Amino acid sequence: MSTLSFLVRRILAIGCGLIMAAITGIILVNALRRYTFGLSLTWGEELPVYLSIYGVMFGVALSYLQDRHMRFTIVTDFLSPALRERLFLAMDVVTAVCGGLLCWSGWLFAMRRGTIEASGLIGAANSLAESTGLAWLVWIGRMGTWQFALCVGGALLLLAAAIRFSERLRDLRNPIHETAPTASDTVRMRARGQASLD
Amino acid sequence: EVTLRFAHVDPDDWQSSKKGAAAQMFKQIVEGQSDMTVEIFPAGALGNEDEIVSQVQEGLVQVGMVSGAMSKVCKPAAVLDIPYTFADATVAWEVLDGPFGAELAEACEAKTGLKTLAYGETGFRNFTNGTRPIRTPEDMAGLKFRVQPIPLYLELVKGLGGEPTPIAWTELPNALATGVVDGQENPVGVIYNNGLHKLQKYMTLDGHVYGVDFLVMSTETFDMLSPEQQAVVTRAAVVAGNFGRSIQQWNTAGGISAVQEEGMEVYVPTAEELAQFREAAQPAVKEWLAGDLGADAEWIEKLDAAVADATD
Amino acid sequence: MSFAIVLVGTLAGLPIAFAIIAALMYFMITGDAPYHPRLVPSEMFKALGSFPLLAIPLFVLAGELMNESGITSRIIRFCAVLVGRLRAGLALVNIWASVIFAGLSGSAIADTSAIGRVFIPEMEKHGYDRAFAAALTAASSVIGPIIPPSIPVIIYALIVSGVSVPALFMAGVGPGLLLAVFLSIFVLTTVRVSDPEPGVDIMDGQSSAQALLGGIVPLLMPVFVVGAILAGVVTPTEAAALAVGYALVVGLVVYRKLGVHNLPRIFANAMVDSSIILIIMAAVGAANWVLTYNRVPNMLTDWVLANVDSKTAFLIAQMILFLVVGLFLEGIAAMLVLVPILHPIAVAFGVDPTHFGIIVIFNLMIGLITPPLGLCLFVAEGVANVGMTRLVRAIIPFFVVELLVLVILTFVPAFSTWLPRALGF
Ligand code: NA
Ligand code: NA
């Protein structure tokens with residue numbers, strides 16, 4: 001399980017990093033291009049927006065694996081570590097169900113009207129498909145490709161919650177859990193090392 | 001107890017907004033003449049035009065009034081955007097309220113499940129710029145015009161000799177103020193209400209594209225109404241569409257005077273100059289559109305024939 | 001039942017976003033047509049699919065790059081030259097370093113951890129109470145999201161139509177400085193530490209001239225980024241991308257403290273940190289759609305307008321509401337839920353929309369230093385390790401000062417509206 005966990009974390013992090021880099025690059029180039037040549041790319045806004053939705057979905061699963069999501073800790077911090085971990089175990093199950101439902105409903109959503117064209121992308125997608133001879137590339141210009149992100153995100157969340165559940169279960173069988181950090185400890189520890197929002 | 005939710009993206013105010021006017025008229029008539037209730041969701045409260053279209057299809061929203069979003073789900077409707085098609089608004093009304101409009105509505109209903117109850121208008125679009133007065137297409141050479149990121153508009157501006165630059169609506173004022181683009185194109189009411197005339201010196205009333213509003217309801221929703229209710233809804237929609245058109249005309253007329261008072265130079269092209277615009281822009285757009293429409297390309301000729309009938 | 005799911009779920013420690021999604025799923029699955037579960041992802045997709053929203057990950061990224069490029073020590077030295085020799089000099093440097101830091105990042109938490117790590121030990125060495133130093137660090141970092149650039153401001157402008165990011169950015173400058181001035185006055189009147197040679201330890205052997213020169217690079221960033229937005233050359237999103245470019249150049253080329261091998265980690269981290277906020281925005285967006293569809297905001301608006309009879313009463317009521325909510329809820333989440341409802345009411349009472357935006361953001365950012373959920377408080381405690389009880393006791397006077405500033409800002413709109421008006425927004 002720990003190999004799987006490591007692998008999943010790695011893949012998600014690489015996905016997040018690449019998407020973040022692509023978003024930054026496209027927006028920078030597009031802004032500079034417009035300012036210098038007065039011409040912007042037709043896909044210069046829509047593509048980063050849709051990419052970021054995939055990025056958010058990867059990030060949501062990864063931050064679940066890292067226990068970084070925003071949650072209330074008023075009640076849980078008063079519980080004994082053992083009880084708290086059991087409660088979080090239950091919350092892993094709820095999150096997994098939530099991920100499963102999101103995956104299923106995201107599928108229904110993307111299948112519903114997924115062939116609709118994304119106005120800023122379809123032109124570029126069509127010419128890309130023509131120039132490469134790969135017909136499936138037109139899907140870059142269709143909404144379904146991007147709407148599918150929610151389905152992927154739900155599946156990843158389900159996976160993350162399952163991994164977290166098994167990790168917690170393992171920790172709980174191991175006596176070290178008596179000193180397990182509270183959720184606000186996690187916030188604190190995280191903040192010592194790096195920046196966050198607000 | 002039937003509740004009809006009416007969604008659009010314009011402001012609620014009926015005096016300054018054509019869709020706002022249409023929605024309020026629709027509500028007034030339906031509530032007065034039947035036991036149905038109308039709830040208006042103005043200003044994109046439930047989402048943008050694309051989302052309104054899909055919500056009407058889903059039956060979440062019962063009535064929607066949309067413009068550009070319609071041709072995305074019903075391609076034949078894109079022919080209405082062919083530049084310099086309608087000589088003036090009355091021609092457009094005759095075409096849309098006549099057999100062509102009915103046939104287009106049927107085709108779109110078959111494709112999308114959306115019944116077009118009536119047509120309104122968002123008005124003719126015109127070019128403005130800050131560099132020089134535009135009287136003929138030659139005057140557009142070398143000028144950068146902001147367009148919506150829609151291929152047809154790129155073709156249109158290219159055909160006229162300008163340089164089309166797709167920029168999001170929200171950054172248009174900045175782009176005009178800083179000279180990222182020289183000009184833009186919009187209906188007069190939009191130009192005046194958003195203060196674009198303060199950023200631009202010249203306007204040419206070339207009326208290149210006539211913007212159509214579609215007042216739509218899903219077939220499913222319509223079929224669930226009783227025949228009496230259907231009659232009220234249809235009647236209310238037609239009056240609402242016409243009220244929207246009237247308010248739009250009123251605001252455009254007032255807007256032209258207002259921008260001139262505030263220092264804009266407005267040029268009205270002659271019939272010959274307009275013919276030059278048409279010859280420069282139409283072939284390129286029609287060729288592109290025919291390719292894009294594929295089997296639906298016959299609608300280009302249908303529209304031309306309907307316009308010819310209406311102009312006789 | 002849906003409300004019960006949100007309530008029980010969040011109290012049991014379920015991440016806020018998932019509690020909302022779970023409740024919406026329940027609502028859609030059990031509800032009659034036209035409700036359908038696929039509406040949840042559909043509305044989430046809509047909430048996430050906006051170009052202005054991309055400013056959030058980009059500003060987070062710029063902030064993280066800045067943080068890791070060794071800029072903090074330069075800001076501190078710069079401020080030490082300016083105010084370090086006054087009475088209670090170190091405390092003043094702490095406050096004004098936060099002001100400059102505020103111009104670089106939109107995040108108060110980054111400020112607390114970056115400045116706290118330097119100042120809390122340093123101030124203790126010079127005779128300050130450690131808990132006081134931690135409290136001051138947390139309190140002054142609230143300036144971060146008030147002075148531009150600011151993530152809460154970008155989100156505010158996204159959820160309310162009719163206020164622009166540039167106008168709100170400018171509106172935050174006055175309040176941010178006002179808070180810095182009030183905190184400075186408070187420090188000057190209460191601190192008795194003689195603090196003899198404050199500059200010695202933190203100057204790192206540099207002369208005043210070197211320190212002032214070193215401050216140019218960090219000071220140029222807000223000029224460059226916010227300036228580009230004000231000049232109308234770029235949108236806030238593009239400005240955020242430019243800020244990333246600037247931070248990359250500073251980190252890789254100018255200071256050379258950042259290596260290319262650090263970048264994958266920092267880029268991934270920025271996406272993950274933003275996704276924590278963005279998923280809440282998506283969930284709240286979907287929930288707001290359901291509420292709007294059922295006309296809940298209209299009903300609440302009608303109710304408030306019928307029961308609150310004056311602008312003053314409304315301003316007091318909203319101030320108390322946001323303060324209480326800020327105790328328990330993270331600021332951005334609170335904004336997403338309440339602002340769509342309260343903004344139209346504020347407008348109906350004739351409150352300037354830009355002014356209202358700033359007081360709401362200021363109010364919710366005070367929540368960063370209040371228990372039980374105060375992220376800056378947690379961070380400061382993490383750095384200082386003085387125990388939550390001592391820290392909370394030390395922060396009370398600062399809380400009172402910030403409350404006073406909030407009251408002033410609420411009833412004197414000019415502090416917020418003067419600058420954007422003067423610049424023509
Ligand atoms: Na800031
Ligand atoms: Na708090």
# chains A, B, ... in the order shown; residues from 1 in each chain; ligands from 1
$ residues_near_ligand --ligand "ligand 1" --cutoff "8 Å" --atoms "only C-alpha atoms and all ligand atoms" --output "JSON, numbers by chain"
{"C": [101, 102, 103, 104, 105, 106, 107, 108, 143, 144, 145, 146, 147, 148, 149, 150, 151]}
$ write_last_selection --atoms "N, CA and C atoms" --output "CSV table (one decimal), in the first residue's frame"
chain,number,residue,atom,x,y,z
C,101,PHE,N,5.9,43.4,2.7
C,101,PHE,CA,5.6,42.0,2.4
C,101,PHE,C,4.2,41.9,1.7
C,102,ALA,N,3.3,42.8,2.2
C,102,ALA,CA,1.9,42.8,1.7
C,102,ALA,C,1.9,43.1,0.2
C,103,GLY,N,2.9,44.0,-0.2
C,103,GLY,CA,2.9,44.3,-1.6
C,103,GLY,C,3.4,43.2,-2.5
C,104,LEU,N,4.0,42.2,-1.9
C,104,LEU,CA,4.5,41.1,-2.7
C,104,LEU,C,3.6,39.9,-2.8
C,105,SER,N,2.9,39.7,-1.7
C,105,SER,CA,2.0,38.5,-1.7
C,105,SER,C,0.6,38.9,-1.3
C,106,GLY,N,-0.3,38.0,-1.6
C,106,GLY,CA,-1.6,38.2,-1.2
C,106,GLY,C,-2.0,37.4,0.1
C,107,SER,N,-1.0,36.9,0.8
C,107,SER,CA,-1.2,36.0,1.8
C,107,SER,C,-0.7,36.4,3.2
C,108,ALA,N,-1.6,36.4,4.2
C,108,ALA,CA,-1.2,36.8,5.5
C,108,ALA,C,-0.4,35.6,6.2
C,143,ILE,N,-2.3,42.8,7.5
C,143,ILE,CA,-2.2,43.8,6.5
C,143,ILE,C,-2.0,43.2,5.1
C,144,GLY,N,-1.4,42.0,5.0
C,144,GLY,CA,-1.1,41.3,3.8
C,144,GLY,C,-2.2,41.3,2.8
C,145,PRO,N,-3.3,40.7,3.1
C,145,PRO,CA,-4.4,40.6,2.1
C,145,PRO,C,-5.2,41.9,1.9
C,146,ILE,N,-4.9,43.0,2.7
C,146,ILE,CA,-5.6,44.3,2.5
C,146,ILE,C,-4.8,45.1,1.5
C,147,ILE,N,-3.5,45.2,1.6
C,147,ILE,CA,-2.7,45.9,0.6
C,147,ILE,C,-2.6,45.0,-0.6
C,148,PRO,N,-2.7,45.6,-1.8
C,148,PRO,CA,-2.6,44.8,-3.0
C,148,PRO,C,-1.2,44.2,-3.2
C,149,PRO,N,-1.0,43.1,-3.9
C,149,PRO,CA,-2.1,42.2,-4.5
C,149,PRO,C,-2.7,41.4,-3.4
C,150,SER,N,-3.9,40.9,-3.6
C,150,SER,CA,-4.7,40.3,-2.6
C,150,SER,C,-5.6,39.2,-3.2
C,151,ILE,N,-5.4,38.0,-2.7
C,151,ILE,CA,-6.3,36.9,-3.2
C,151,ILE,C,-7.8,37.1,-2.7
$ closest_atom_pairs --of "chain A" --to "ligand 2" --cutoff "12 Å" --atoms "only C-alpha atoms and all ligand atoms" --output "JSON lines"
{"residue": "A:Phe72", "atom": "CA", "partner": "ligand 2", "partner_atom_place_in_ligand_line": "1 (Na)", "distance": 10.9}
{"residue": "A:Thr73", "atom": "CA", "partner": "ligand 2", "partner_atom_place_in_ligand_line": "1 (Na)", "distance": 11.6}
{"residue": "A:Ile74", "atom": "CA", "partner": "ligand 2", "partner_atom_place_in_ligand_line": "1 (Na)", "distance": 10.9}
$ write_last_selection --atoms "N, CA, C and O atoms" --output "mmCIF file, in the first residue's frame"
data_model
loop_
_atom_site.group_PDB
_atom_site.id
_atom_site.type_symbol
_atom_site.label_atom_id
_atom_site.label_comp_id
_atom_site.auth_asym_id
_atom_site.auth_seq_id
_atom_site.Cartn_x
_atom_site.Cartn_y
_atom_site.Cartn_z
ATOM 1 N N PHE A 72 -13.071 22.083 9.966
ATOM 2 C CA PHE A 72 -13.265 22.622 11.305
ATOM 3 C C PHE A 72 -12.566 21.730 12.306
ATOM 4 O O PHE A 72 -12.657 20.518 12.230
ATOM 5 N N THR A 73 -11.883 22.340 13.280
ATOM 6 C CA THR A 73 -11.186 21.507 14.243
ATOM 7 C C THR A 73 -11.648 21.793 15.666
ATOM 8 O O THR A 73 -11.072 21.292 16.617
ATOM 9 N N ILE A 74 -12.713 22.632 15.767
ATOM 10 C CA ILE A 74 -13.165 23.045 17.103
ATOM 11 C C ILE A 74 -13.540 21.833 17.942
ATOM 12 O O ILE A 74 -13.148 21.700 19.088
#
$ residues_around --residues "stretch 91-99 of chain A" --least-positions-apart "2" --cutoff "7 Å" --atoms "only C-alpha atoms" --output "PDB file with all heavy atoms, in the first residue's frame"
ATOM      1  N   LEU A  87     -12.717   8.829  14.253  1.00  0.00           N
ATOM      2  CA  LEU A  87     -13.664   9.723  13.587  1.00  0.00           C
ATOM      3  C   LEU A  87     -13.160  10.063  12.177  1.00  0.00           C
ATOM      4  O   LEU A  87     -13.926  10.021  11.208  1.00  0.00           O
ATOM      5  CB  LEU A  87     -13.821  11.006  14.414  1.00  0.00           C
ATOM      6  CG  LEU A  87     -14.861  11.999  13.916  1.00  0.00           C
ATOM      7  CD1 LEU A  87     -16.245  11.401  13.955  1.00  0.00           C
ATOM      8  CD2 LEU A  87     -14.827  13.274  14.751  1.00  0.00           C
ATOM      9  N   PHE A  88     -11.871  10.358  12.077  1.00  0.00           N
ATOM     10  CA  PHE A  88     -11.310  10.685  10.759  1.00  0.00           C
ATOM     11  C   PHE A  88     -11.372   9.473   9.827  1.00  0.00           C
ATOM     12  O   PHE A  88     -11.541   9.630   8.613  1.00  0.00           O
ATOM     13  CB  PHE A  88      -9.864  11.175  10.900  1.00  0.00           C
ATOM     14  CG  PHE A  88      -9.776  12.609  11.365  1.00  0.00           C
ATOM     15  CD1 PHE A  88      -8.556  13.184  11.667  1.00  0.00           C
ATOM     16  CD2 PHE A  88     -10.915  13.390  11.502  1.00  0.00           C
ATOM     17  CE1 PHE A  88      -8.470  14.502  12.098  1.00  0.00           C
ATOM     18  CE2 PHE A  88     -10.841  14.700  11.934  1.00  0.00           C
ATOM     19  CZ  PHE A  88      -9.615  15.267  12.231  1.00  0.00           C
ATOM     20  N   LEU A  89     -11.278   8.312  10.395  1.00  0.00           N
ATOM     21  CA  LEU A  89     -11.434   7.092   9.615  1.00  0.00           C
ATOM     22  C   LEU A  89     -12.825   7.071   8.966  1.00  0.00           C
ATOM     23  O   LEU A  89     -12.986   6.763   7.784  1.00  0.00           O
ATOM     24  CB  LEU A  89     -11.271   5.896  10.557  1.00  0.00           C
ATOM     25  CG  LEU A  89     -10.603   4.632  10.057  1.00  0.00           C
ATOM     26  CD1 LEU A  89      -9.285   4.914   9.387  1.00  0.00           C
ATOM     27  CD2 LEU A  89     -10.405   3.665  11.223  1.00  0.00           C
ATOM     28  N   LEU A 101     -19.443   9.418  -5.866  1.00  0.00           N
ATOM     29  CA  LEU A 101     -20.632  10.097  -6.407  1.00  0.00           C
ATOM     30  C   LEU A 101     -20.223  11.164  -7.428  1.00  0.00           C
ATOM     31  O   LEU A 101     -20.860  11.330  -8.465  1.00  0.00           O
ATOM     32  CB  LEU A 101     -21.430  10.750  -5.275  1.00  0.00           C
ATOM     33  CG  LEU A 101     -22.232   9.811  -4.385  1.00  0.00           C
ATOM     34  CD1 LEU A 101     -22.820  10.568  -3.201  1.00  0.00           C
ATOM     35  CD2 LEU A 101     -23.340   9.143  -5.194  1.00  0.00           C
ATOM     36  N   LEU A 102     -19.128  11.871  -7.112  1.00  0.00           N
ATOM     37  CA  LEU A 102     -18.666  12.926  -8.018  1.00  0.00           C
ATOM     38  C   LEU A 102     -18.191  12.302  -9.330  1.00  0.00           C
ATOM     39  O   LEU A 102     -18.451  12.836 -10.414  1.00  0.00           O
ATOM     40  CB  LEU A 102     -17.530  13.705  -7.357  1.00  0.00           C
ATOM     41  CG  LEU A 102     -17.179  15.038  -8.006  1.00  0.00           C
ATOM     42  CD1 LEU A 102     -18.371  15.978  -7.977  1.00  0.00           C
ATOM     43  CD2 LEU A 102     -15.986  15.676  -7.295  1.00  0.00           C
ATOM     44  N   CYS A 103     -17.538  11.158  -9.230  1.00  0.00           N
ATOM     45  CA  CYS A 103     -17.051  10.470 -10.423  1.00  0.00           C
ATOM     46  C   CYS A 103     -18.231  10.051 -11.303  1.00  0.00           C
ATOM     47  O   CYS A 103     -18.258  10.322 -12.505  1.00  0.00           O
ATOM     48  CB  CYS A 103     -16.237   9.252  -9.999  1.00  0.00           C
ATOM     49  SG  CYS A 103     -15.618   8.283 -11.372  1.00  0.00           S
ATOM     50  N   GLY A 154     -13.275  12.971  -9.166  1.00  0.00           N
ATOM     51  CA  GLY A 154     -14.017  12.136  -8.228  1.00  0.00           C
ATOM     52  C   GLY A 154     -13.313  10.802  -8.015  1.00  0.00           C
ATOM     53  O   GLY A 154     -13.155  10.328  -6.883  1.00  0.00           O
ATOM     54  N   ALA A 155     -12.845  10.208  -9.118  1.00  0.00           N
ATOM     55  CA  ALA A 155     -12.152   8.921  -9.025  1.00  0.00           C
ATOM     56  C   ALA A 155     -10.869   9.066  -8.212  1.00  0.00           C
ATOM     57  O   ALA A 155     -10.566   8.219  -7.356  1.00  0.00           O
ATOM     58  CB  ALA A 155     -11.843   8.402 -10.427  1.00  0.00           C
ATOM     59  N   LEU A 157     -10.237  11.281  -5.947  1.00  0.00           N
ATOM     60  CA  LEU A 157     -10.577  11.522  -4.546  1.00  0.00           C
ATOM     61  C   LEU A 157     -10.934  10.202  -3.854  1.00  0.00           C
ATOM     62  O   LEU A 157     -10.531   9.957  -2.715  1.00  0.00           O
ATOM     63  CB  LEU A 157     -11.742  12.514  -4.459  1.00  0.00           C
ATOM     64  CG  LEU A 157     -12.118  12.972  -3.054  1.00  0.00           C
ATOM     65  CD1 LEU A 157     -10.942  13.650  -2.377  1.00  0.00           C
ATOM     66  CD2 LEU A 157     -13.304  13.931  -3.107  1.00  0.00           C
ATOM     67  N   LEU A 158     -11.680   9.376  -4.574  1.00  0.00           N
ATOM     68  CA  LEU A 158     -12.025   8.053  -4.046  1.00  0.00           C
ATOM     69  C   LEU A 158     -10.756   7.266  -3.726  1.00  0.00           C
ATOM     70  O   LEU A 158     -10.614   6.676  -2.650  1.00  0.00           O
ATOM     71  CB  LEU A 158     -12.888   7.321  -5.076  1.00  0.00           C
ATOM     72  CG  LEU A 158     -13.234   5.853  -4.821  1.00  0.00           C
ATOM     73  CD1 LEU A 158     -14.044   5.708  -3.555  1.00  0.00           C
ATOM     74  CD2 LEU A 158     -14.010   5.274  -5.995  1.00  0.00           C
ATOM     75  N   ALA A 161      -8.892   8.819  -0.708  1.00  0.00           N
ATOM     76  CA  ALA A 161      -9.556   8.535   0.559  1.00  0.00           C
ATOM     77  C   ALA A 161      -9.315   7.077   0.965  1.00  0.00           C
ATOM     78  O   ALA A 161      -9.107   6.781   2.147  1.00  0.00           O
ATOM     79  CB  ALA A 161     -11.043   8.827   0.449  1.00  0.00           C
ATOM     80  N   ALA A 162      -9.307   6.183  -0.023  1.00  0.00           N
ATOM     81  CA  ALA A 162      -9.059   4.774   0.280  1.00  0.00           C
ATOM     82  C   ALA A 162      -7.640   4.589   0.819  1.00  0.00           C
ATOM     83  O   ALA A 162      -7.422   3.874   1.804  1.00  0.00           O
ATOM     84  CB  ALA A 162      -9.265   3.928  -0.980  1.00  0.00           C
ATOM     85  N   ARG A 164      -5.768   6.890   2.259  1.00  0.00           N
ATOM     86  CA  ARG A 164      -5.682   7.539   3.570  1.00  0.00           C
ATOM     87  C   ARG A 164      -6.338   6.661   4.652  1.00  0.00           C
ATOM     88  O   ARG A 164      -5.837   6.576   5.766  1.00  0.00           O
ATOM     89  CB  ARG A 164      -6.369   8.909   3.473  1.00  0.00           C
ATOM     90  CG  ARG A 164      -5.905   9.934   4.445  1.00  0.00           C
ATOM     91  CD  ARG A 164      -4.464  10.353   4.230  1.00  0.00           C
ATOM     92  NE  ARG A 164      -3.949  11.011   5.430  1.00  0.00           N
ATOM     93  CZ  ARG A 164      -3.410  10.358   6.455  1.00  0.00           C
ATOM     94  NH1 ARG A 164      -3.278   9.049   6.420  1.00  0.00           N
ATOM     95  NH2 ARG A 164      -2.989  11.013   7.517  1.00  0.00           N
ATOM     96  N   PHE A 165      -7.436   6.027   4.261  1.00  0.00           N
ATOM     97  CA  PHE A 165      -8.141   5.147   5.194  1.00  0.00           C
ATOM     98  C   PHE A 165      -7.221   4.017   5.637  1.00  0.00           C
ATOM     99  O   PHE A 165      -7.090   3.726   6.824  1.00  0.00           O
ATOM    100  CB  PHE A 165      -9.401   4.591   4.507  1.00  0.00           C
ATOM    101  CG  PHE A 165     -10.200   3.646   5.354  1.00  0.00           C
ATOM    102  CD1 PHE A 165     -11.140   4.149   6.249  1.00  0.00           C
ATOM    103  CD2 PHE A 165     -10.035   2.273   5.258  1.00  0.00           C
ATOM    104  CE1 PHE A 165     -11.894   3.282   7.031  1.00  0.00           C
ATOM    105  CE2 PHE A 165     -10.778   1.409   6.033  1.00  0.00           C
ATOM    106  CZ  PHE A 165     -11.708   1.912   6.927  1.00  0.00           C
TER     107      PHE A 165
ATOM    108  N   LEU C  14     -14.928  16.599   8.609  1.00  0.00           N
ATOM    109  CA  LEU C  14     -14.932  16.366   7.164  1.00  0.00           C
ATOM    110  C   LEU C  14     -14.510  17.675   6.496  1.00  0.00           C
ATOM    111  O   LEU C  14     -15.001  18.738   6.870  1.00  0.00           O
ATOM    112  CB  LEU C  14     -16.349  15.983   6.725  1.00  0.00           C
ATOM    113  CG  LEU C  14     -16.555  15.570   5.263  1.00  0.00           C
ATOM    114  CD1 LEU C  14     -15.807  14.289   4.948  1.00  0.00           C
ATOM    115  CD2 LEU C  14     -18.035  15.390   4.974  1.00  0.00           C
ATOM    116  N   PHE C  18     -16.026  18.943   0.930  1.00  0.00           N
ATOM    117  CA  PHE C  18     -16.697  17.656   0.726  1.00  0.00           C
ATOM    118  C   PHE C  18     -18.019  17.601   1.483  1.00  0.00           C
ATOM    119  O   PHE C  18     -18.956  16.934   1.055  1.00  0.00           O
ATOM    120  CB  PHE C  18     -15.790  16.495   1.140  1.00  0.00           C
ATOM    121  CG  PHE C  18     -14.454  16.517   0.459  1.00  0.00           C
ATOM    122  CD1 PHE C  18     -13.337  15.978   1.059  1.00  0.00           C
ATOM    123  CD2 PHE C  18     -14.307  17.113  -0.794  1.00  0.00           C
ATOM    124  CE1 PHE C  18     -12.102  16.016   0.428  1.00  0.00           C
ATOM    125  CE2 PHE C  18     -13.082  17.157  -1.429  1.00  0.00           C
ATOM    126  CZ  PHE C  18     -11.975  16.612  -0.813  1.00  0.00           C
ATOM    127  N   ALA C  22     -21.264  16.633  -0.467  1.00  0.00           N
ATOM    128  CA  ALA C  22     -22.095  15.520  -0.002  1.00  0.00           C
ATOM    129  C   ALA C  22     -23.547  15.960   0.183  1.00  0.00           C
ATOM    130  O   ALA C  22     -24.480  15.272  -0.246  1.00  0.00           O
ATOM    131  CB  ALA C  22     -21.537  14.965   1.310  1.00  0.00           C
TER     132      ALA C  22
END
$ residues_around --residues "stretch 93-97 of chain C" --least-positions-apart "6" --cutoff "10 Å" --atoms "only C-alpha atoms" --output "PyMOL selection string"
chain C and resi 72-86+111+115-116+118-120+123+133+136-141+143+177+179-181+183-184+187+198-199
$ closest_residue --among "C:Val233, C:Leu219, C:Cys376, C:Val296" --to "B:Glu171" --atoms "only C-alpha atoms"
C:Val233
$ interface_residues --of "chain C" --to "chain B" --cutoff "8 Å" --atoms "only C-alpha atoms" --output "list of chain:residue names"
C:Pro34, C:Tyr35, C:Ala231, C:Gly232, C:Val233, C:Val234, C:Thr235, C:Trp289, C:Thr292, C:Tyr293
$ write_last_selection --atoms "N, CA, C and O atoms" --output "mmCIF file, in the first residue's frame"
data_model
loop_
_atom_site.group_PDB
_atom_site.id
_atom_site.type_symbol
_atom_site.label_atom_id
_atom_site.label_comp_id
_atom_site.auth_asym_id
_atom_site.auth_seq_id
_atom_site.Cartn_x
_atom_site.Cartn_y
_atom_site.Cartn_z
ATOM 1 N N PRO C 34 -36.714 18.782 -11.751
ATOM 2 C CA PRO C 34 -35.540 18.734 -12.632
ATOM 3 C C PRO C 34 -34.204 18.555 -11.913
ATOM 4 O O PRO C 34 -33.178 18.626 -12.552
ATOM 5 N N TYR C 35 -34.212 18.314 -10.585
ATOM 6 C CA TYR C 35 -32.930 18.098 -9.919
ATOM 7 C C TYR C 35 -32.316 16.793 -10.392
ATOM 8 O O TYR C 35 -33.023 15.813 -10.610
ATOM 9 N N ALA C 231 -2.447 50.624 -15.030
ATOM 10 C CA ALA C 231 -2.245 51.240 -16.339
ATOM 11 C C ALA C 231 -3.142 50.577 -17.381
ATOM 12 O O ALA C 231 -3.250 51.058 -18.498
ATOM 13 N N GLY C 232 -3.772 49.493 -17.012
ATOM 14 C CA GLY C 232 -4.684 48.838 -17.947
ATOM 15 C C GLY C 232 -3.960 48.013 -18.990
ATOM 16 O O GLY C 232 -4.544 47.596 -19.975
ATOM 17 N N VAL C 233 -2.664 47.796 -18.797
ATOM 18 C CA VAL C 233 -1.906 47.030 -19.786
ATOM 19 C C VAL C 233 -2.276 45.555 -19.713
ATOM 20 O O VAL C 233 -2.321 44.861 -20.722
ATOM 21 N N VAL C 234 -2.514 45.077 -18.522
ATOM 22 C CA VAL C 234 -2.804 43.656 -18.350
ATOM 23 C C VAL C 234 -3.996 43.474 -17.409
ATOM 24 O O VAL C 234 -4.324 44.372 -16.628
ATOM 25 N N THR C 235 -4.616 42.307 -17.490
ATOM 26 C CA THR C 235 -5.675 41.951 -16.548
ATOM 27 C C THR C 235 -5.010 41.459 -15.260
ATOM 28 O O THR C 235 -3.825 41.098 -15.281
ATOM 29 N N TRP C 289 -25.819 28.231 -6.528
ATOM 30 C CA TRP C 289 -26.741 28.109 -7.649
ATOM 31 C C TRP C 289 -28.071 27.536 -7.162
ATOM 32 O O TRP C 289 -29.143 28.028 -7.516
ATOM 33 N N THR C 292 -29.880 30.252 -5.260
ATOM 34 C CA THR C 292 -30.429 31.274 -6.164
ATOM 35 C C THR C 292 -31.656 30.743 -6.886
ATOM 36 O O THR C 292 -32.666 31.420 -7.025
ATOM 37 N N TYR C 293 -31.537 29.481 -7.360
ATOM 38 C CA TYR C 293 -32.620 28.853 -8.095
ATOM 39 C C TYR C 293 -33.884 28.814 -7.255
ATOM 40 O O TYR C 293 -34.993 28.977 -7.754
#
$ select_by_dssp --residues "chain A" --states "helix (DSSP H, G or I)" --output "PyMOL selection string"
chain A and resi 2-37+46-65+76-78+81-112+122-132+135-141+143-173+175-179+183-193
$ closest_atom_pairs --of "chain B" --to "chain A" --cutoff "7 Å" --atoms "only C-alpha atoms" --output "tab-separated table"
residue	atom	partner	partner_atom	distance
B:Pro149	CA	A:Gly120	CA	5.9
B:Ile150	CA	A:Ser119	CA	6.5
B:Thr165	CA	A:Leu39	CA	5.4
B:Pro166	CA	A:Thr42	CA	6.3
B:Val180	CA	A:Gly38	CA	5.8
B:Val181	CA	A:Gly38	CA	6.7
$ residues_around --residues "A:Ala160" --least-positions-apart "6" --cutoff "7 Å" --atoms "only C-alpha atoms" --output "list of chain:residue names"
A:Ala61, A:Tyr64, A:Leu65
$ residues_around --residues "stretch 128-136 of chain B" --least-positions-apart "4" --cutoff "7 Å" --atoms "only C-alpha atoms" --output "PyMOL selection string"
chain B and resi 140+182-185+200-204+269+273+276-277
$ atom_distance --atom1 "atom CA of C:Val153" --atom2 "atom CA of C:Leu58"
14.3 Å
